[in-house]
Amino acid sequence: MGYHRAGFDVTGVDSIPQPGYPFSFVQADAMTFPLDGFDAIHASPPCKGFTTLASLHGKGHPDLLTPTRLRLSGTGVPWVIENVPGAPMRPDLLLCGEMFALGVRRHRWFETSPMLFSLIPPCQHRGPVVSVHGNPGGRSTRDGVRPNLSDWKRAMEIDWMSARALSQAIPPAYTQHIGELLIACGIGVSA
């Protein structure tokens with residue numbers, strides 16, 4: 001949604017059906033899907049292997065970030081990879097919901113080609129925020145309130161996703177910001 005708001009036509013690719021996806025969608029393996037014809041590519045490889053919870057429980061998950069980066073590097077097209085803090089990547093941008101005045105604290109790293117730099121001030125983590133992890137009602141905010149699905153949707157500014165999808169999503173404000181940076185660099189702008 002963020003790239004759409006920034007002015008891009010968006011096509012999603014995933015091996016898992018995404019019935020609520022609001023744009024053009026192709027069910028395919030993103031590692032073999034043809035990437036020609038796109039102005040920019042955004043990849044979000046599964047982060048389960050890099051989360052704090054995975055390291056605490058010693059769960060082994062495949063590293064899909066490294067082969068994704070290798071594939072995108074060979075395209076000659078500007079790309080962005082998003083993942084959790086601690087993932088083995090260059091964090092060119094660190095974004096958090098509080099940077100965009102959202103009611104959610106969700107840090108995400110973005111590695112970019114070309115390298116983009118954000119002029120957004122760092123997040124301050126001051127007031128209560130909604131925790132969007134696991135299941136609605138499963139975790140509380142700092143003030144002890146257990147958020148429900150409506151709270152999650154409002155905090156992330158996403159009203160079209162299920163709880164499961166929302167627990168893995170990033171707010172559209174993040175990709176809108178990145179899309180605007182890409183356009184400012186002349187990427188995705190027709191002559």
# chains A, B, ... in the order shown; residues from 1 in each chain; ligands from 1
call {"tool": "residues_around", "arguments": {"residues": "range 62-73 of chain A", "least_positions_apart": "5", "cutoff": "9 Å", "atoms": "only C-alpha atoms", "output": "number ranges by chain"}}
result
A: 30-31, 35, 41, 43-50, 78-81, 83, 87-89, 113
call {"tool": "write_last_selection", "arguments": {"atoms": "N, CA and C atoms", "output": "mmCIF file, in the first residue's frame"}}
result
data_model
loop_
_atom_site.group_PDB
_atom_site.id
_atom_site.type_symbol
_atom_site.label_atom_id
_atom_site.label_comp_id
_atom_site.auth_asym_id
_atom_site.auth_seq_id
_atom_site.Cartn_x
_atom_site.Cartn_y
_atom_site.Cartn_z
ATOM 1 N N ALA A 30 8.961 -16.430 -5.603
ATOM 2 C CA ALA A 30 9.642 -15.159 -5.863
ATOM 3 C C ALA A 30 11.096 -15.357 -6.282
ATOM 4 N N MET A 31 11.674 -16.517 -5.985
ATOM 5 C CA MET A 31 13.064 -16.768 -6.347
ATOM 6 C C MET A 31 13.217 -17.197 -7.812
ATOM 7 N N LEU A 35 11.836 -11.084 -13.200
ATOM 8 C CA LEU A 35 11.884 -9.762 -12.578
ATOM 9 C C LEU A 35 12.082 -8.631 -13.584
ATOM 10 N N ILE A 41 12.229 -3.189 -7.123
ATOM 11 C CA ILE A 41 11.779 -4.444 -6.519
ATOM 12 C C ILE A 41 11.942 -4.347 -5.010
ATOM 13 N N ALA A 43 11.706 -6.735 -1.621
ATOM 14 C CA ALA A 43 11.647 -8.123 -1.156
ATOM 15 C C ALA A 43 11.598 -8.150 0.356
ATOM 16 N N SER A 44 10.823 -9.071 0.861
ATOM 17 C CA SER A 44 10.652 -9.241 2.295
ATOM 18 C C SER A 44 10.798 -10.720 2.625
ATOM 19 N N PRO A 45 12.037 -11.251 2.583
ATOM 20 C CA PRO A 45 12.210 -12.676 2.868
ATOM 21 C C PRO A 45 11.758 -13.000 4.288
ATOM 22 N N PRO A 46 11.243 -14.199 4.522
ATOM 23 C CA PRO A 46 10.806 -14.558 5.877
ATOM 24 C C PRO A 46 11.898 -14.274 6.909
ATOM 25 N N CYS A 47 11.480 -13.690 8.019
ATOM 26 C CA CYS A 47 12.440 -13.241 9.037
ATOM 27 C C CYS A 47 12.538 -14.199 10.222
ATOM 28 N N LYS A 48 11.821 -15.294 10.204
ATOM 29 C CA LYS A 48 11.746 -16.171 11.375
ATOM 30 C C LYS A 48 13.112 -16.616 11.881
ATOM 31 N N GLY A 49 14.077 -16.788 11.012
ATOM 32 C CA GLY A 49 15.400 -17.219 11.436
ATOM 33 C C GLY A 49 16.199 -16.150 12.138
ATOM 34 N N PHE A 50 15.761 -14.883 12.050
ATOM 35 C CA PHE A 50 16.535 -13.783 12.604
ATOM 36 C C PHE A 50 15.861 -13.099 13.784
ATOM 37 N N PRO A 78 16.893 -1.135 -9.273
ATOM 38 C CA PRO A 78 16.946 -0.737 -7.874
ATOM 39 C C PRO A 78 16.079 -1.666 -7.018
ATOM 40 N N TRP A 79 16.572 -2.023 -5.838
ATOM 41 C CA TRP A 79 15.832 -2.939 -4.972
ATOM 42 C C TRP A 79 15.919 -2.512 -3.514
ATOM 43 N N VAL A 80 14.977 -3.051 -2.745
ATOM 44 C CA VAL A 80 14.902 -2.829 -1.299
ATOM 45 C C VAL A 80 14.614 -4.180 -0.662
ATOM 46 N N ILE A 81 15.361 -4.518 0.382
ATOM 47 C CA ILE A 81 15.068 -5.720 1.161
ATOM 48 C C ILE A 81 14.715 -5.268 2.573
ATOM 49 N N ASN A 83 13.733 -6.476 6.592
ATOM 50 C CA ASN A 83 13.790 -7.568 7.558
ATOM 51 C C ASN A 83 13.895 -7.002 8.964
ATOM 52 N N ALA A 87 19.024 -9.085 11.488
ATOM 53 C CA ALA A 87 19.180 -9.905 10.285
ATOM 54 C C ALA A 87 20.546 -9.590 9.659
ATOM 55 N N PRO A 88 21.143 -10.559 8.949
ATOM 56 C CA PRO A 88 22.459 -10.322 8.352
ATOM 57 C C PRO A 88 22.363 -9.448 7.103
ATOM 58 N N MET A 89 22.204 -8.162 7.332
ATOM 59 C CA MET A 89 22.061 -7.223 6.225
ATOM 60 C C MET A 89 22.600 -5.866 6.628
ATOM 61 N N SER A 113 19.418 -0.693 -2.790
ATOM 62 C CA SER A 113 20.306 -0.467 -3.915
ATOM 63 C C SER A 113 19.519 0.364 -4.920
#
call {"tool": "residues_around", "arguments": {"residues": "range 154-165 of chain A", "least_positions_apart": "6", "cutoff": "6 Å", "atoms": "only C-alpha atoms", "output": "list of chain:residue names"}}
result
A:Leu102, A:Gly103, A:Val104, A:Pro171
call {"tool": "closest_residue", "arguments": {"among": "A:Gly37, A:Gly186, A:Gly179, A:Pro114", "to": "His4 in chain A", "atoms": "only C-alpha atoms"}}
result
A:Gly179
call {"tool": "residues_around", "arguments": {"residues": "Ile187 in chain A", "least_positions_apart": "4", "cutoff": "8 Å", "atoms": "only C-alpha atoms", "output": "PDB file with C-alpha atoms, in the first residue's frame"}}
result
ATOM      1  CA  ASP A  39      11.121  -0.069 -12.044  1.00  0.00           C
ATOM      2  CA  ALA A  40      12.066  -1.254  -8.543  1.00  0.00           C
ATOM      3  CA  PRO A  78      16.946  -0.737  -7.874  1.00  0.00           C
ATOM      4  CA  LEU A 182      13.004   6.226  -4.863  1.00  0.00           C
ATOM      5  CA  ILE A 183      10.939   8.734  -6.853  1.00  0.00           C
TER       6      ILE A 183
END
call {"tool": "select_by_dssp", "arguments": {"residues": "range 8-128 of chain A", "states": "alpha helix (DSSP H)", "output": "number ranges by chain"}}
result
A: 52-57, 65-73
call {"tool": "residues_around", "arguments": {"residues": "Asp14 in chain A", "least_positions_apart": "2", "cutoff": "9 Å", "atoms": "only C-alpha atoms", "output": "list in words"}}
result
Gly12, Ile16, Pro17, Gln18, Phe25, Val26, Gln27, Ala28, Asp29 and Ala30 of chain A
call {"tool": "write_last_selection", "arguments": {"atoms": "N, CA and C atoms", "output": "PDB file, in the first residue's frame"}}
result
ATOM      1  N   GLY A  12       2.301  -7.899  -6.422  1.00  0.00           N
ATOM      2  CA  GLY A  12       2.815  -8.756  -5.362  1.00  0.00           C
ATOM      3  C   GLY A  12       3.063 -10.158  -5.865  1.00  0.00           C
ATOM      4  N   ILE A  16       2.447 -18.297  -1.400  1.00  0.00           N
ATOM      5  CA  ILE A  16       1.238 -18.560  -0.612  1.00  0.00           C
ATOM      6  C   ILE A  16       0.123 -17.637  -1.100  1.00  0.00           C
ATOM      7  N   PRO A  17      -1.095 -18.152  -1.303  1.00  0.00           N
ATOM      8  CA  PRO A  17      -2.198 -17.282  -1.744  1.00  0.00           C
ATOM      9  C   PRO A  17      -2.393 -16.109  -0.780  1.00  0.00           C
ATOM     10  N   GLN A  18      -2.707 -14.957  -1.316  1.00  0.00           N
ATOM     11  CA  GLN A  18      -2.945 -13.743  -0.533  1.00  0.00           C
ATOM     12  C   GLN A  18      -4.291 -13.157  -0.949  1.00  0.00           C
ATOM     13  N   PHE A  25      -1.717  -9.513  -8.045  1.00  0.00           N
ATOM     14  CA  PHE A  25      -1.006 -10.544  -7.291  1.00  0.00           C
ATOM     15  C   PHE A  25      -0.749 -11.754  -8.174  1.00  0.00           C
ATOM     16  N   VAL A  26       0.467 -12.293  -8.071  1.00  0.00           N
ATOM     17  CA  VAL A  26       0.850 -13.497  -8.798  1.00  0.00           C
ATOM     18  C   VAL A  26       1.307 -14.522  -7.765  1.00  0.00           C
ATOM     19  N   GLN A  27       0.655 -15.682  -7.758  1.00  0.00           N
ATOM     20  CA  GLN A  27       1.104 -16.749  -6.871  1.00  0.00           C
ATOM     21  C   GLN A  27       2.219 -17.498  -7.586  1.00  0.00           C
ATOM     22  N   ALA A  28       3.443 -17.307  -7.097  1.00  0.00           N
ATOM     23  CA  ALA A  28       4.622 -17.916  -7.713  1.00  0.00           C
ATOM     24  C   ALA A  28       5.766 -17.866  -6.710  1.00  0.00           C
ATOM     25  N   ASP A  29       6.805 -18.607  -7.000  1.00  0.00           N
ATOM     26  CA  ASP A  29       8.020 -18.579  -6.190  1.00  0.00           C
ATOM     27  C   ASP A  29       8.790 -17.313  -6.555  1.00  0.00           C
ATOM     28  N   ALA A  30       8.961 -16.430  -5.603  1.00  0.00           N
ATOM     29  CA  ALA A  30       9.642 -15.159  -5.863  1.00  0.00           C
ATOM     30  C   ALA A  30      11.096 -15.357  -6.282  1.00  0.00           C
TER      31      ALA A  30
END
call {"tool": "closest_residue", "arguments": {"among": "A:Ala101, A:Val13, A:Ile178, A:Val129", "to": "Met115 in chain A", "atoms": "only C-alpha atoms"}}
result
A:Ile178
call {"tool": "residues_around", "arguments": {"residues": "Ala173 in chain A", "least_positions_apart": "6", "cutoff": "8 Å", "atoms": "only C-alpha atoms", "output": "ChimeraX atom specification"}}
result
/A:2,97,100
call {"tool": "closest_residue", "arguments": {"among": "A:Gln176, A:Tyr3, A:Pro19, A:Ile170", "to": "Glu82 in chain A", "atoms": "only C-alpha atoms"}}
result
A:Ile170
